[in-house]
$ cat structure-v4.csv   # CSV, C-alpha atoms
chain,number,residue,atom,x,y,z
A,818,MET,CA,97.8,91.6,95.8
A,819,SER,CA,94.4,90.3,96.9
A,820,ALA,CA,93.3,86.8,95.8
A,821,ALA,CA,90.4,88.2,93.7
A,822,PRO,CA,89.5,91.4,91.8
A,823,VAL,CA,88.2,94.2,94.0
A,824,ILE,CA,86.1,97.3,93.2
A,825,CYS,CA,86.6,99.9,95.9
A,826,VAL,CA,83.7,102.4,96.7
A,827,ASP,CA,85.0,105.0,99.1
A,828,GLY,CA,83.5,108.3,100.1
A,829,PRO,CA,81.8,110.3,102.9
A,830,SER,CA,78.7,109.2,104.9
A,831,GLY,CA,75.4,109.5,103.0
A,832,ALA,CA,76.9,109.7,99.5
A,833,GLY,CA,75.2,106.4,98.5
A,834,LYS,CA,78.1,104.0,98.8
A,835,GLY,CA,76.0,101.3,100.5
A,836,THR,CA,73.3,101.3,97.8
A,837,LEU,CA,75.8,101.4,95.0
A,838,SER,CA,78.0,98.6,96.6
A,839,LEU,CA,75.0,96.4,97.2
A,840,ARG,CA,73.7,96.8,93.7
A,841,LEU,CA,77.2,96.2,92.1
A,842,ALA,CA,77.7,93.1,94.2
A,843,ALA,CA,74.3,91.7,93.1
A,844,ALA,CA,74.9,92.5,89.4
A,845,LEU,CA,78.3,90.8,89.5
A,846,ASP,CA,77.4,88.1,92.1
A,847,TRP,CA,80.5,89.2,94.1
A,848,HIS,CA,81.1,89.3,97.8
A,849,LEU,CA,80.4,92.5,99.7
A,850,LEU,CA,82.4,94.2,102.4
A,851,ASP,CA,80.7,97.0,104.4
A,852,SER,CA,83.7,98.3,106.3
A,853,GLY,CA,81.6,101.1,107.9
A,854,ALA,CA,79.4,98.5,109.5
A,855,LEU,CA,82.5,96.9,110.9
A,856,TYR,CA,83.4,100.1,112.8
A,857,ARG,CA,79.8,100.5,113.9
A,858,VAL,CA,79.9,97.0,115.3
A,859,VAL,CA,83.1,97.7,117.2
A,860,GLY,CA,81.5,100.8,118.7
A,861,PHE,CA,78.3,98.9,119.6
A,862,ALA,CA,80.2,96.0,121.1
A,863,CYS,CA,82.3,98.4,123.2
A,864,ARG,CA,79.1,100.1,124.5
A,865,GLN,CA,77.7,96.7,125.3
A,866,ALA,CA,80.8,95.6,127.2
A,867,GLY,CA,81.3,99.0,129.0
A,868,VAL,CA,84.6,99.7,127.2
A,869,SER,CA,85.4,103.4,126.8
A,870,LEU,CA,85.8,104.5,123.2
A,871,ASP,CA,88.8,106.6,124.4
A,872,ASN,CA,90.7,103.5,125.4
A,873,SER,CA,92.3,102.6,122.1
A,874,ASP,CA,94.0,99.4,123.2
A,875,ALA,CA,90.8,98.0,124.8
A,876,VAL,CA,88.7,99.0,121.7
A,877,ALA,CA,91.3,97.2,119.5
A,878,GLU,CA,90.9,94.1,121.7
A,879,VAL,CA,87.2,94.2,121.1
A,880,ALA,CA,87.8,94.6,117.4
A,881,ARG,CA,90.1,91.5,117.2
A,882,ALA,CA,87.5,89.3,119.1
A,883,LEU,CA,84.5,90.3,117.0
A,884,ASP,CA,82.2,87.4,115.8
A,885,VAL,CA,80.6,89.3,113.0
A,886,ASP,CA,78.7,88.2,109.9
A,887,PHE,CA,77.2,90.0,106.9
A,888,ARG,CA,74.1,88.5,105.4
A,889,PRO,CA,72.7,89.9,102.1
A,890,THR,CA,68.9,90.1,101.9
A,891,ASP,CA,66.4,91.6,99.4
A,892,ALA,CA,66.2,94.6,101.7
A,893,GLY,CA,69.9,95.1,102.0
A,894,VAL,CA,72.7,93.6,104.2
A,895,THR,CA,72.0,92.5,107.7
A,896,VAL,CA,74.8,92.5,110.3
A,897,TRP,CA,75.0,89.9,113.0
A,898,LEU,CA,77.2,90.0,116.1
A,899,SER,CA,77.6,86.8,118.0
A,900,GLY,CA,74.5,85.4,116.4
A,901,GLU,CA,72.4,88.5,117.1
A,902,ASP,CA,71.0,90.7,114.4
A,903,VAL,CA,72.3,94.2,115.3
A,904,THR,CA,71.6,95.9,112.0
A,905,SER,CA,69.1,98.4,113.4
A,906,ALA,CA,71.1,99.1,116.5
A,907,ILE,CA,74.3,100.0,114.6
A,908,ARG,CA,72.5,102.1,111.9
A,909,SER,CA,71.5,104.7,114.5
A,910,GLU,CA,73.0,108.2,114.5
A,911,GLU,CA,74.8,107.2,117.8
A,912,GLY,CA,76.2,104.2,115.9
A,913,GLY,CA,77.6,106.4,113.2
A,914,ALA,CA,79.2,108.8,115.6
A,915,ASP,CA,80.8,105.9,117.5
A,916,ALA,CA,82.1,104.4,114.3
A,917,SER,CA,83.7,107.7,113.3
A,918,GLN,CA,85.4,107.9,116.8
A,919,VAL,CA,86.8,104.3,116.8
A,920,ALA,CA,87.8,104.5,113.2
A,921,ALA,CA,90.3,107.3,114.2
A,922,LEU,CA,92.1,104.9,116.5
A,923,GLU,CA,95.2,103.4,114.8
A,924,PRO,CA,95.2,100.1,116.8
A,925,VAL,CA,91.6,99.5,115.8
A,926,ARG,CA,92.3,100.1,112.1
A,927,ALA,CA,95.3,97.7,112.3
A,928,ALA,CA,93.2,95.1,114.0
A,929,LEU,CA,90.6,95.2,111.3
A,930,LEU,CA,92.9,95.5,108.3
A,931,LEU,CA,93.8,91.9,107.8
A,932,ARG,CA,90.2,90.6,108.4
A,933,GLN,CA,89.0,93.0,105.7
A,934,GLN,CA,91.7,91.9,103.2
A,935,GLU,CA,90.8,88.3,103.8
A,936,LEU,CA,87.3,89.0,102.4
A,937,ALA,CA,88.7,89.4,98.9
A,938,ARG,CA,87.7,85.9,97.7
A,939,PRO,CA,86.8,84.7,94.2
A,940,PRO,CA,84.9,85.7,92.1
A,941,GLY,CA,85.5,89.2,93.5
A,942,LEU,CA,84.7,91.8,96.2
A,943,ILE,CA,82.9,95.1,96.3
A,944,ALA,CA,84.6,97.0,99.2
A,945,ASP,CA,82.6,99.9,100.6
A,946,GLY,CA,84.3,102.3,103.0
A,947,ARG,CA,86.5,105.3,103.6
A,948,ASP,CA,90.0,103.9,102.9
A,949,MET,CA,89.4,100.8,100.8
A,950,GLY,CA,91.4,102.2,97.8
A,951,THR,CA,94.0,104.1,99.8
A,952,VAL,CA,94.9,101.5,102.5
A,953,VAL,CA,93.1,98.2,102.4
A,954,PHE,CA,93.1,97.4,98.7
A,955,PRO,CA,95.7,99.8,97.1
A,956,GLU,CA,96.1,97.5,94.1
A,957,ALA,CA,92.4,97.3,93.3
A,958,PRO,CA,91.8,97.5,89.5
A,959,LEU,CA,88.9,100.0,90.0
A,960,LYS,CA,88.5,102.6,92.7
A,961,ILE,CA,85.5,104.8,92.9
A,962,PHE,CA,85.2,107.8,95.2
A,963,LEU,CA,81.5,108.6,95.6
A,964,THR,CA,80.7,112.0,97.0
A,965,ALA,CA,77.8,114.5,97.3
A,966,SER,CA,77.2,117.8,99.0
A,967,ALA,CA,76.7,117.8,102.8
A,968,GLU,CA,73.2,119.3,102.3
A,969,ALA,CA,72.1,116.5,99.9
A,970,ARG,CA,73.5,113.8,102.2
A,971,ALA,CA,71.7,115.3,105.2
A,972,GLU,CA,68.4,115.4,103.4
A,973,ARG,CA,68.8,111.8,102.3
A,974,ARG,CA,69.5,110.8,105.9
A,975,PHE,CA,66.6,112.9,107.1
A,976,HIS,CA,64.1,111.0,104.9
A,977,GLN,CA,65.7,107.6,105.7
A,978,LEU,CA,65.3,108.2,109.4
A,979,GLN,CA,61.8,109.5,109.0
A,980,GLY,CA,61.0,106.4,107.1
A,981,MET,CA,62.2,104.4,110.1
A,982,GLY,CA,59.9,106.3,112.4
A,983,GLU,CA,62.5,108.4,114.0
A,984,SER,CA,62.0,112.1,114.9
A,985,VAL,CA,65.0,114.0,113.6
A,986,SER,CA,66.1,117.5,112.9
A,987,LEU,CA,67.5,118.3,109.4
A,988,ALA,CA,69.6,121.1,110.8
A,989,ARG,CA,71.2,118.8,113.4
A,990,LEU,CA,71.8,116.1,110.8
A,991,LEU,CA,73.6,118.6,108.6
A,992,THR,CA,75.8,119.7,111.5
A,993,ASP,CA,76.5,116.1,112.4
A,994,ILE,CA,77.6,115.3,108.9
A,995,GLN,CA,79.8,118.4,108.6
A,996,GLN,CA,81.5,117.5,111.9
A,997,ARG,CA,81.9,113.9,110.8
A,998,ASP,CA,83.4,114.9,107.5
A,999,ALA,CA,85.9,117.2,109.3
A,1000,ARG,CA,86.8,114.5,111.7
A,1001,ASP,CA,87.2,111.8,108.9
A,1002,GLN,CA,89.2,114.1,106.6
A,1003,SER,CA,91.6,115.5,109.3
A,1004,ARG,CA,92.4,112.3,111.2
A,1005,SER,CA,96.1,111.3,111.1
A,1006,VAL,CA,95.3,107.6,110.4
A,1007,SER,CA,93.7,106.8,107.0
A,1008,PRO,CA,92.1,110.2,106.4
A,1009,LEU,CA,89.1,110.3,104.0
A,1010,VAL,CA,90.7,111.2,100.7
A,1011,PRO,CA,90.3,109.8,97.2
A,1012,ALA,CA,93.1,107.4,96.1
A,1013,GLU,CA,95.3,109.0,93.5
A,1014,ASP,CA,93.9,106.7,90.8
A,1015,ALA,CA,90.2,106.9,92.0
A,1016,ILE,CA,87.4,108.0,89.7
A,1017,VAL,CA,85.3,110.6,91.5
A,1018,ILE,CA,81.5,110.4,91.0
A,1019,ASP,CA,79.4,113.2,92.5
A,1020,SER,CA,76.0,111.9,93.3
A,1021,THR,CA,74.4,115.2,94.4
A,1022,ALA,CA,72.2,115.5,91.3
A,1023,LEU,CA,72.1,111.8,90.3
A,1024,THR,CA,69.6,109.1,91.0
A,1025,ALA,CA,70.7,105.7,92.4
A,1026,ASP,CA,70.1,104.2,88.9
A,1027,GLU,CA,72.3,106.9,87.3
A,1028,VAL,CA,75.1,106.3,89.9
A,1029,LEU,CA,74.9,102.5,89.2
A,1030,GLN,CA,75.1,103.2,85.4
A,1031,ALA,CA,78.2,105.4,85.8
A,1032,ALA,CA,79.9,102.8,88.0
A,1033,SER,CA,78.9,99.9,85.7
A,1034,GLU,CA,80.5,101.7,82.7
A,1035,LEU,CA,83.7,102.1,84.6
A,1036,ALA,CA,83.6,98.4,85.6
A,1037,LYS,CA,83.1,97.5,81.9
A,1038,SER,CA,86.0,99.7,80.9
A,1039,ARG,CA,88.2,97.7,83.2
A,1040,LYS,CA,86.8,94.4,81.9
A,1041,LEU,CA,85.4,93.6,85.3
A,1042,MET,CA,81.8,93.5,84.0
A,1043,SER,CA,80.4,92.3,80.7
$ encode --input "structure-v4.csv" --output "structure tokens"
Amino acid sequence: MSAAPVICVDGPSGAGKGTLSLRLAAALDWHLLDSGALYRVVGFACRQAGVSLDNSDAVAEVARALDVDFRPTDAGVTVWLSGEDVTSAIRSEEGGADASQVAALEPVRAALLLRQQELARPPGLIADGRDMGTVVFPEAPLKIFLTASAEARAERRFHQLQGMGESVSLARLLTDIQQRDARDQSRSVSPLVPAEDAIVIDSTALTADEVLQAASELAKSRKLMS
């Protein structure tokens, strides 16, 4: 059991987990874990150190030695590695692909498991990821699996990247998301699946406010939110 209540928000890339988790953490004044960012940081740190992402033991060593910090801001959560703001660097499409690759390595997941569980501190934790409810916090009182169609997620990512000034192809983004889904769902270690007791929310046709409302009602039903 964790030392504090945990709300898990799992699901595929682009479903809106980050937005929902950030808003829930703000509403409850709880801590926030962006586990996807952890894996992105591992991939980024390996690239910086010249460590091959195919070398699972070497990647796990990088994961164990990470000096990483999450800092909430009005614009979202910034990620710092050894005192350097790496938020923009790890949010690239390459960063996402690297994260998916290193997340499939069992030694890496084992290296990061304990440090994720240690983040469950009072008054509570919102845990955003792929296996929060199935592996990291299996006893969490509320597990949400947030999903959306691949087409909707690709379109959201397309507009997000365009807003950042990047030139991107919607068709390529859709292909990348479909490939990442297949990789995440079929991996032998912690595959992307809803926990048996998770509540599935499909955000395809919902606004961010509607997703937050649905999640808040679930939290209230579990007496985690007043």
$ closest_residue --input "structure-v4.csv" --among "A:Gly833, A:Gly950, A:Pro940, A:Gly900" --to "Asp1026 of chain A" --atoms "only C-alpha atoms"
A:Gly833
$ atom_distance --input "structure-v4.csv" --atom1 "atom CA of Asp1019 of chain A" --atom2 "atom CA of Asp945 of chain A"
15.9 Å
$ closest_residue --input "structure-v4.csv" --among "A:Asp1014, A:Ala854, A:Asp998, A:Val876" --to "Ala928 of chain A" --atoms "all atoms listed in the file"
A:Val876
$ residues_around --input "structure-v4.csv" --residues "segment 971-987 of chain A" --least-positions-apart "3" --cutoff "12 Å" --atoms "only C-alpha atoms" --output "mmCIF file with C-alpha atoms, in the coordinates of the input"
data_model
loop_
_atom_site.group_PDB
_atom_site.id
_atom_site.type_symbol
_atom_site.label_atom_id
_atom_site.label_comp_id
_atom_site.auth_asym_id
_atom_site.auth_seq_id
_atom_site.Cartn_x
_atom_site.Cartn_y
_atom_site.Cartn_z
ATOM 1 C CA PRO A 829 81.800 110.300 102.900
ATOM 2 C CA SER A 830 78.700 109.200 104.900
ATOM 3 C CA GLY A 831 75.400 109.500 103.000
ATOM 4 C CA ALA A 832 76.900 109.700 99.500
ATOM 5 C CA GLY A 833 75.200 106.400 98.500
ATOM 6 C CA SER A 905 69.100 98.400 113.400
ATOM 7 C CA ARG A 908 72.500 102.100 111.900
ATOM 8 C CA SER A 909 71.500 104.700 114.500
ATOM 9 C CA GLU A 910 73.000 108.200 114.500
ATOM 10 C CA GLY A 913 77.600 106.400 113.200
ATOM 11 C CA ALA A 965 77.800 114.500 97.300
ATOM 12 C CA SER A 966 77.200 117.800 99.000
ATOM 13 C CA ALA A 967 76.700 117.800 102.800
ATOM 14 C CA GLU A 968 73.200 119.300 102.300
ATOM 15 C CA LEU A 990 71.800 116.100 110.800
ATOM 16 C CA LEU A 991 73.600 118.600 108.600
ATOM 17 C CA THR A 992 75.800 119.700 111.500
ATOM 18 C CA ASP A 993 76.500 116.100 112.400
ATOM 19 C CA ILE A 994 77.600 115.300 108.900
ATOM 20 C CA GLN A 995 79.800 118.400 108.600
ATOM 21 C CA ARG A 997 81.900 113.900 110.800
ATOM 22 C CA ASP A 998 83.400 114.900 107.500
ATOM 23 C CA SER A 1020 76.000 111.900 93.300
ATOM 24 C CA THR A 1021 74.400 115.200 94.400
ATOM 25 C CA THR A 1024 69.600 109.100 91.000
ATOM 26 C CA ALA A 1025 70.700 105.700 92.400
#
$ closest_residue --input "structure-v4.csv" --among "A:Val879, A:Ala916, A:Leu841, A:Val896" --to "Arg857 of chain A" --atoms "all atoms listed in the file"
A:Ala916
$ closest_residue --input "structure-v4.csv" --among "A:Ile1018, A:Ile907, A:Leu922, A:Ala842" --to "Ala875 of chain A" --atoms "all atoms listed in the file"
A:Leu922
$ atom_distance --input "structure-v4.csv" --atom1 "atom CA of Arg932 of chain A" --atom2 "atom CA of Leu963 of chain A"
23.7 Å
$ closest_residue --input "structure-v4.csv" --among "A:Leu931, A:Leu959, A:Val1006, A:Thr964" --to "Leu1035 of chain A" --atoms "only C-alpha atoms"
A:Leu959
$ atom_distance --input "structure-v4.csv" --atom1 "atom CA of Ala937 of chain A" --atom2 "atom CA of Pro822 of chain A"
7.4 Å
$ closest_residue --input "structure-v4.csv" --among "A:Glu935, A:Asp874, A:Asp851, A:Glu1027" --to "Cys825 of chain A" --atoms "all atoms listed in the file"
A:Asp851
$ residues_around --input "structure-v4.csv" --residues "Arg938 of chain A" --least-positions-apart "4" --cutoff "10 Å" --atoms "only C-alpha atoms" --output "list in words"
Ser819, Ala820, Ala821, Pro822, Val823, Trp847, His848, Gln934 and Leu942 of chain A
$ build_atoms --input "structure-v4.csv" --residues "segment 928-940 of chain A" --atoms "N, CA, C and O atoms" --output "PDB file, in the frame of the given file"
ATOM      1  N   ALA A 928      93.818  96.326 113.670  1.00  0.00           N
ATOM      2  CA  ALA A 928      93.200  95.100 114.000  1.00  0.00           C
ATOM      3  C   ALA A 928      92.194  94.606 112.967  1.00  0.00           C
ATOM      4  O   ALA A 928      92.017  93.396 112.766  1.00  0.00           O
ATOM      5  N   LEU A 929      91.565  95.545 112.276  1.00  0.00           N
ATOM      6  CA  LEU A 929      90.600  95.200 111.300  1.00  0.00           C
ATOM      7  C   LEU A 929      91.110  95.067 109.859  1.00  0.00           C
ATOM      8  O   LEU A 929      90.432  94.545 108.967  1.00  0.00           O
ATOM      9  N   LEU A 930      92.348  95.519 109.638  1.00  0.00           N
ATOM     10  CA  LEU A 930      92.900  95.500 108.300  1.00  0.00           C
ATOM     11  C   LEU A 930      92.959  94.144 107.667  1.00  0.00           C
ATOM     12  O   LEU A 930      92.450  93.910 106.566  1.00  0.00           O
ATOM     13  N   LEU A 931      93.572  93.204 108.360  1.00  0.00           N
ATOM     14  CA  LEU A 931      93.800  91.900 107.800  1.00  0.00           C
ATOM     15  C   LEU A 931      92.423  91.176 107.576  1.00  0.00           C
ATOM     16  O   LEU A 931      92.213  90.539 106.544  1.00  0.00           O
ATOM     17  N   ARG A 932      91.495  91.329 108.514  1.00  0.00           N
ATOM     18  CA  ARG A 932      90.200  90.600 108.400  1.00  0.00           C
ATOM     19  C   ARG A 932      89.424  91.200 107.178  1.00  0.00           C
ATOM     20  O   ARG A 932      88.670  90.481 106.527  1.00  0.00           O
ATOM     21  N   GLN A 933      89.649  92.474 106.849  1.00  0.00           N
ATOM     22  CA  GLN A 933      89.000  93.000 105.700  1.00  0.00           C
ATOM     23  C   GLN A 933      89.657  92.482 104.393  1.00  0.00           C
ATOM     24  O   GLN A 933      88.970  92.103 103.444  1.00  0.00           O
ATOM     25  N   GLN A 934      90.980  92.418 104.375  1.00  0.00           N
ATOM     26  CA  GLN A 934      91.700  91.900 103.200  1.00  0.00           C
ATOM     27  C   GLN A 934      91.360  90.439 102.934  1.00  0.00           C
ATOM     28  O   GLN A 934      91.311  90.000 101.780  1.00  0.00           O
ATOM     29  N   GLU A 935      91.089  89.691 103.981  1.00  0.00           N
ATOM     30  CA  GLU A 935      90.800  88.300 103.800  1.00  0.00           C
ATOM     31  C   GLU A 935      89.421  88.051 103.146  1.00  0.00           C
ATOM     32  O   GLU A 935      89.124  86.946 102.683  1.00  0.00           O
ATOM     33  N   LEU A 936      88.600  89.093 103.064  1.00  0.00           N
ATOM     34  CA  LEU A 936      87.300  89.000 102.400  1.00  0.00           C
ATOM     35  C   LEU A 936      87.379  89.043 100.902  1.00  0.00           C
ATOM     36  O   LEU A 936      86.374  88.825 100.213  1.00  0.00           O
ATOM     37  N   ALA A 937      88.546  89.349 100.364  1.00  0.00           N
ATOM     38  CA  ALA A 937      88.700  89.400  98.900  1.00  0.00           C
ATOM     39  C   ALA A 937      88.896  87.964  98.387  1.00  0.00           C
ATOM     40  O   ALA A 937      90.003  87.454  98.241  1.00  0.00           O
ATOM     41  N   ARG A 938      87.758  87.323  98.132  1.00  0.00           N
ATOM     42  CA  ARG A 938      87.700  85.900  97.700  1.00  0.00           C
ATOM     43  C   ARG A 938      87.064  85.876  96.297  1.00  0.00           C
ATOM     44  O   ARG A 938      86.235  86.734  95.973  1.00  0.00           O
ATOM     45  N   PRO A 939      87.416  84.850  95.491  1.00  0.00           N
ATOM     46  CA  PRO A 939      86.800  84.700  94.200  1.00  0.00           C
ATOM     47  C   PRO A 939      85.247  84.574  94.353  1.00  0.00           C
ATOM     48  O   PRO A 939      84.793  84.017  95.360  1.00  0.00           O
ATOM     49  N   PRO A 940      84.469  85.076  93.416  1.00  0.00           N
ATOM     50  CA  PRO A 940      84.900  85.700  92.100  1.00  0.00           C
ATOM     51  C   PRO A 940      85.358  87.118  92.241  1.00  0.00           C
ATOM     52  O   PRO A 940      85.971  87.626  91.314  1.00  0.00           O
TER      53      PRO A 940
END
